Amino acid sequence: MILRRVEELRTLARGWKREGVVGLVPTMGALHAGHLSLVRAAKAGADRVIVTIFVNPRQFNSPADLEKYPRTEAADAALLAPLGVDAIFIPAPEEVYPPGFATEVTVQGVALPLEGALRPGHFAGVATVVTKLFGMTQADRAWFGEKDWQQLQVIRRMVADLNLPVEVLGVPTLRDPDGLAMSSRNARLSPEARAAAPALYAWMQRMAAGETGAEAGLLAAGFERVEYLAFHDAETLGPPRPGRPRRLLAAAWIGGVRLIDNIAA
Ligand code: PAF
């Protein structure tokens with residue numbers, strides 16, 4: 001069932017919540033196997049599952065990037081059909097941000113480095129829309145991909161800080177057989193760039209094993225630029241600290257496409 005109005009969604013979700021656990025998988029569409037693994041996890045962990053498809057204008061850094069983002073509603077609905085989701089919520093931008101909308105959720109700390117520094121306003125856009133989606137769906141549990149590791153930590157921080165009654169669950173990154181993390185952006189890679197792109201994950205694994213020279217190796221493999229490639233505290237995204245879990249996070253450009261990835265390290 002496709003819903004487009006917040007009121008319809010709220011009415012349905014209120015009834016479902018009385019009967020059992022309501023699960024949410026928020027997406028921006030252009031669905032691939034990685035999203036479907038979130039939906040499968042949600043189906044296993046909730047009685048009712050709502051998938052939202054909303055290309056959130058507030059988390060894009062430029063109008064051109066927002067414009068370029070693929071909108072594939074019919075294909076997305078076809079991919080979701082066999083999975084038995086209970087509702088697909090596809091609101092128009094004015095439904096989510098009606099005239100007069102004046103509230104923003106801003107997370108400090110974990111949202112400041114890496115993507116936060118390179119994409120000003122991005123996480124405020126994510127935190128605001130995710131808070132709204134939690135409110136609209138009244139979800140008890142929500143599933144997010146570990147592919148966007150920093151986003152997952154930002155959402156966890158926000159949920160804890162605001163006492164939001166939602167359990168946030170992370171789902172491991174799905175990879176193509178050659179190691180490239182699945183992403184809607186991979187479709188924009190030329191055949192040459194696609195062939196070279198797995199070097200990112202390969203070098204991250206080598207770096208996690210103690211090898212040096214990853215940045216030079218990536219440039220030699222055909223990447224144009226490495227924006228960051230470093231170990232961080234897995235939860236705070238600050239500098240790694242002894243005795244605490246670490247995460248190796250990367251953002252790099254190849255063939256004019258920005259790829260991000262992360263692994264436990
Ligand atoms: O990860 C995404 O696709 C988006 O950032 C999200 C969580 C759906 C919010 O717009």
# chains A, B, ... in the order shown; residues from 1 in each chain; ligands from 1
$ residues_around --residues "Arg4 (chain A)" --least-positions-apart "3" --cutoff "7 Å" --atoms "only C-alpha atoms" --output "list in words"
Phe89, Ile90 and Pro91 of chain A
$ residues_near_ligand --ligand "ligand 1" --cutoff "10 Å" --atoms "only C-alpha atoms and all ligand atoms" --output "NGL selection string"
:A and (25-31 or 35 or 51-60 or 122-123 or 125-131 or 133 or 142-149 or 151-152 or 155 or 183-184)
$ write_last_selection --atoms "N, CA and C atoms" --output "tab-separated table (two decimals), in the first residue's frame"
chain	number	residue	atom	x	y	z
A	25	VAL	N	11.83	1.57	8.03
A	25	VAL	CA	13.06	1.63	7.24
A	25	VAL	C	13.01	2.92	6.42
A	26	PRO	N	13.72	3.95	6.86
A	26	PRO	CA	13.70	5.20	6.11
A	26	PRO	C	14.68	5.13	4.94
A	27	THR	N	14.24	5.55	3.75
A	27	THR	CA	15.13	5.54	2.59
A	27	THR	C	14.88	6.80	1.76
A	28	MET	N	15.79	7.02	0.81
A	28	MET	CA	15.57	8.08	-0.17
A	28	MET	C	15.28	7.46	-1.54
A	29	GLY	N	14.88	6.19	-1.54
A	29	GLY	CA	14.58	5.53	-2.81
A	29	GLY	C	15.83	5.11	-3.54
A	30	ALA	N	15.71	4.90	-4.87
A	30	ALA	CA	16.80	4.33	-5.67
A	30	ALA	C	17.29	3.05	-4.98
A	31	LEU	N	16.34	2.22	-4.65
A	31	LEU	CA	16.62	1.06	-3.80
A	31	LEU	C	17.52	0.04	-4.49
A	35	HIS	N	19.36	-1.85	0.60
A	35	HIS	CA	18.11	-1.43	1.25
A	35	HIS	C	17.23	-2.64	1.55
A	51	VAL	N	8.13	1.36	5.02
A	51	VAL	CA	9.31	1.87	4.32
A	51	VAL	C	8.97	3.28	3.85
A	52	THR	N	9.82	4.24	4.14
A	52	THR	CA	9.57	5.58	3.63
A	52	THR	C	10.55	5.88	2.50
A	53	ILE	N	10.03	6.56	1.49
A	53	ILE	CA	10.86	6.98	0.35
A	53	ILE	C	10.70	8.48	0.23
A	54	PHE	N	11.72	9.20	0.62
A	54	PHE	CA	11.63	10.66	0.57
A	54	PHE	C	13.02	11.23	0.31
A	55	VAL	N	13.17	11.87	-0.84
A	55	VAL	CA	14.45	12.52	-1.16
A	55	VAL	C	14.43	13.85	-0.41
A	56	ASN	N	15.10	13.85	0.72
A	56	ASN	CA	15.00	14.94	1.70
A	56	ASN	C	15.83	16.15	1.26
A	57	PRO	N	15.18	17.23	0.78
A	57	PRO	CA	15.96	18.34	0.25
A	57	PRO	C	16.90	18.96	1.28
A	58	ARG	N	16.56	18.85	2.58
A	58	ARG	CA	17.34	19.53	3.61
A	58	ARG	C	18.69	18.89	3.88
A	59	GLN	N	18.95	17.69	3.35
A	59	GLN	CA	20.24	17.08	3.63
A	59	GLN	C	21.20	17.14	2.44
A	60	PHE	N	20.77	17.82	1.38
A	60	PHE	CA	21.66	17.98	0.21
A	60	PHE	C	22.41	19.30	0.32
A	122	HIS	N	24.37	18.98	6.47
A	122	HIS	CA	23.87	17.66	6.05
A	122	HIS	C	23.22	16.91	7.21
A	123	PHE	N	23.93	16.81	8.34
A	123	PHE	CA	23.38	16.01	9.43
A	123	PHE	C	22.20	16.69	10.11
A	125	GLY	N	19.94	18.22	8.44
A	125	GLY	CA	18.86	17.79	7.54
A	125	GLY	C	18.44	16.36	7.83
A	126	VAL	N	19.43	15.48	8.04
A	126	VAL	CA	19.12	14.08	8.33
A	126	VAL	C	18.41	13.98	9.68
A	127	ALA	N	18.96	14.65	10.71
A	127	ALA	CA	18.38	14.53	12.07
A	127	ALA	C	16.95	15.07	12.07
A	128	THR	N	16.72	16.16	11.36
A	128	THR	CA	15.38	16.76	11.33
A	128	THR	C	14.40	15.80	10.65
A	129	VAL	N	14.76	15.28	9.50
A	129	VAL	CA	13.79	14.42	8.79
A	129	VAL	C	13.58	13.10	9.53
A	130	VAL	N	14.63	12.55	10.11
A	130	VAL	CA	14.48	11.27	10.82
A	130	VAL	C	13.60	11.47	12.06
A	131	THR	N	13.78	12.59	12.76
A	131	THR	CA	12.90	12.88	13.91
A	131	THR	C	11.45	12.97	13.44
A	133	LEU	N	10.15	11.56	10.74
A	133	LEU	CA	9.67	10.23	10.32
A	133	LEU	C	9.34	9.37	11.54
A	142	ALA	N	13.71	1.15	14.33
A	142	ALA	CA	14.06	1.65	13.00
A	142	ALA	C	15.42	1.09	12.59
A	143	TRP	N	15.53	0.73	11.32
A	143	TRP	CA	16.74	0.10	10.80
A	143	TRP	C	17.48	1.04	9.85
A	144	PHE	N	18.80	1.13	10.05
A	144	PHE	CA	19.65	2.00	9.22
A	144	PHE	C	20.87	1.19	8.79
A	145	GLY	N	21.42	1.52	7.62
A	145	GLY	CA	22.59	0.80	7.12
A	145	GLY	C	23.87	1.27	7.78
A	146	GLU	N	24.75	0.32	8.08
A	146	GLU	CA	26.08	0.68	8.61
A	146	GLU	C	26.95	1.35	7.54
A	147	LYS	N	26.52	1.25	6.28
A	147	LYS	CA	27.27	1.91	5.20
A	147	LYS	C	27.46	3.39	5.55
A	148	ASP	N	26.40	4.03	6.06
A	148	ASP	CA	26.50	5.43	6.52
A	148	ASP	C	26.78	5.41	8.02
A	149	TRP	N	27.99	4.99	8.37
A	149	TRP	CA	28.32	4.72	9.77
A	149	TRP	C	28.15	5.96	10.64
A	151	GLN	N	26.28	8.58	10.09
A	151	GLN	CA	24.85	8.88	10.19
A	151	GLN	C	24.20	8.01	11.28
A	152	LEU	N	24.57	6.73	11.29
A	152	LEU	CA	24.00	5.82	12.30
A	152	LEU	C	24.36	6.28	13.71
A	155	ILE	N	22.33	9.40	14.62
A	155	ILE	CA	20.93	9.08	14.95
A	155	ILE	C	20.85	8.44	16.33
A	183	SER	N	25.74	0.97	-3.15
A	183	SER	CA	25.30	2.35	-2.96
A	183	SER	C	24.55	2.79	-4.21
A	184	SER	N	23.56	3.66	-4.01
A	184	SER	CA	22.82	4.18	-5.17
A	184	SER	C	23.76	4.94	-6.11
$ select_by_dssp --residues "region 10-140 of chain A" --states "helix (DSSP H, G or I)" --output "PyMOL selection string"
chain A and resi 10-19+33-45+57-59+63-68+73-83+93-96+109-111+115-118+122-137
$ closest_atom_pairs --of "region 150-249 of chain A" --to "region 109-118 of chain A" --cutoff "7 Å" --atoms "only C-alpha atoms" --output "JSON lines"
{"residue": "A:Val154", "atom": "CA", "partner": "A:Ala111", "partner_atom": "CA", "distance": 5.8}
{"residue": "A:Thr236", "atom": "CA", "partner": "A:Val110", "partner_atom": "CA", "distance": 5.1}
{"residue": "A:Leu237", "atom": "CA", "partner": "A:Val110", "partner_atom": "CA", "distance": 5.7}
$ closest_atom_pairs --of "region 91-203 of chain A" --to "region 252-263 of chain A" --cutoff "12 Å" --atoms "only C-alpha atoms" --output "tab-separated table"
residue	atom	partner	partner_atom	distance
A:Leu114	CA	A:Ile260	CA	10.7
A:Glu115	CA	A:Ile260	CA	9.6
A:Leu118	CA	A:Arg258	CA	11.9
A:Gly145	CA	A:Asn262	CA	11.3
A:Glu146	CA	A:Asn262	CA	8.1
A:Lys147	CA	A:Asp261	CA	6.2
A:Asp148	CA	A:Asp261	CA	7.6
A:Trp149	CA	A:Asn262	CA	6.9
A:Gln150	CA	A:Asn262	CA	9.3
A:Gln151	CA	A:Ile260	CA	11.8
A:Leu152	CA	A:Asn262	CA	12.0
A:Pro172	CA	A:Ile263	CA	9.7
A:Thr173	CA	A:Asn262	CA	8.8
A:Leu174	CA	A:Asp261	CA	11.0
A:Arg175	CA	A:Asp261	CA	10.4
A:Gly179	CA	A:Asp261	CA	10.6
A:Leu180	CA	A:Asp261	CA	8.8
A:Ala181	CA	A:Asp261	CA	6.8
A:Met182	CA	A:Asp261	CA	9.6
A:Ser183	CA	A:Leu259	CA	8.4
A:Ser184	CA	A:Leu259	CA	10.2
A:Arg185	CA	A:Val257	CA	7.2
A:Asn186	CA	A:Val257	CA	8.0
A:Ala187	CA	A:Val257	CA	9.7
A:Arg188	CA	A:Val257	CA	6.9
A:Leu189	CA	A:Gly255	CA	6.5
A:Ser190	CA	A:Gly255	CA	6.9
A:Pro191	CA	A:Gly255	CA	9.6
A:Glu192	CA	A:Gly255	CA	8.2
A:Ala193	CA	A:Gly255	CA	5.5
A:Arg194	CA	A:Gly255	CA	8.6
A:Ala195	CA	A:Ile254	CA	10.5
A:Ala196	CA	A:Ile254	CA	8.3
A:Ala197	CA	A:Ile254	CA	7.1
A:Pro198	CA	A:Leu259	CA	10.5
A:Ala199	CA	A:Ile254	CA	10.5
A:Leu200	CA	A:Asp261	CA	8.0
A:Tyr201	CA	A:Asp261	CA	7.3
A:Ala202	CA	A:Ile263	CA	10.9
A:Trp203	CA	A:Ile263	CA	11.2
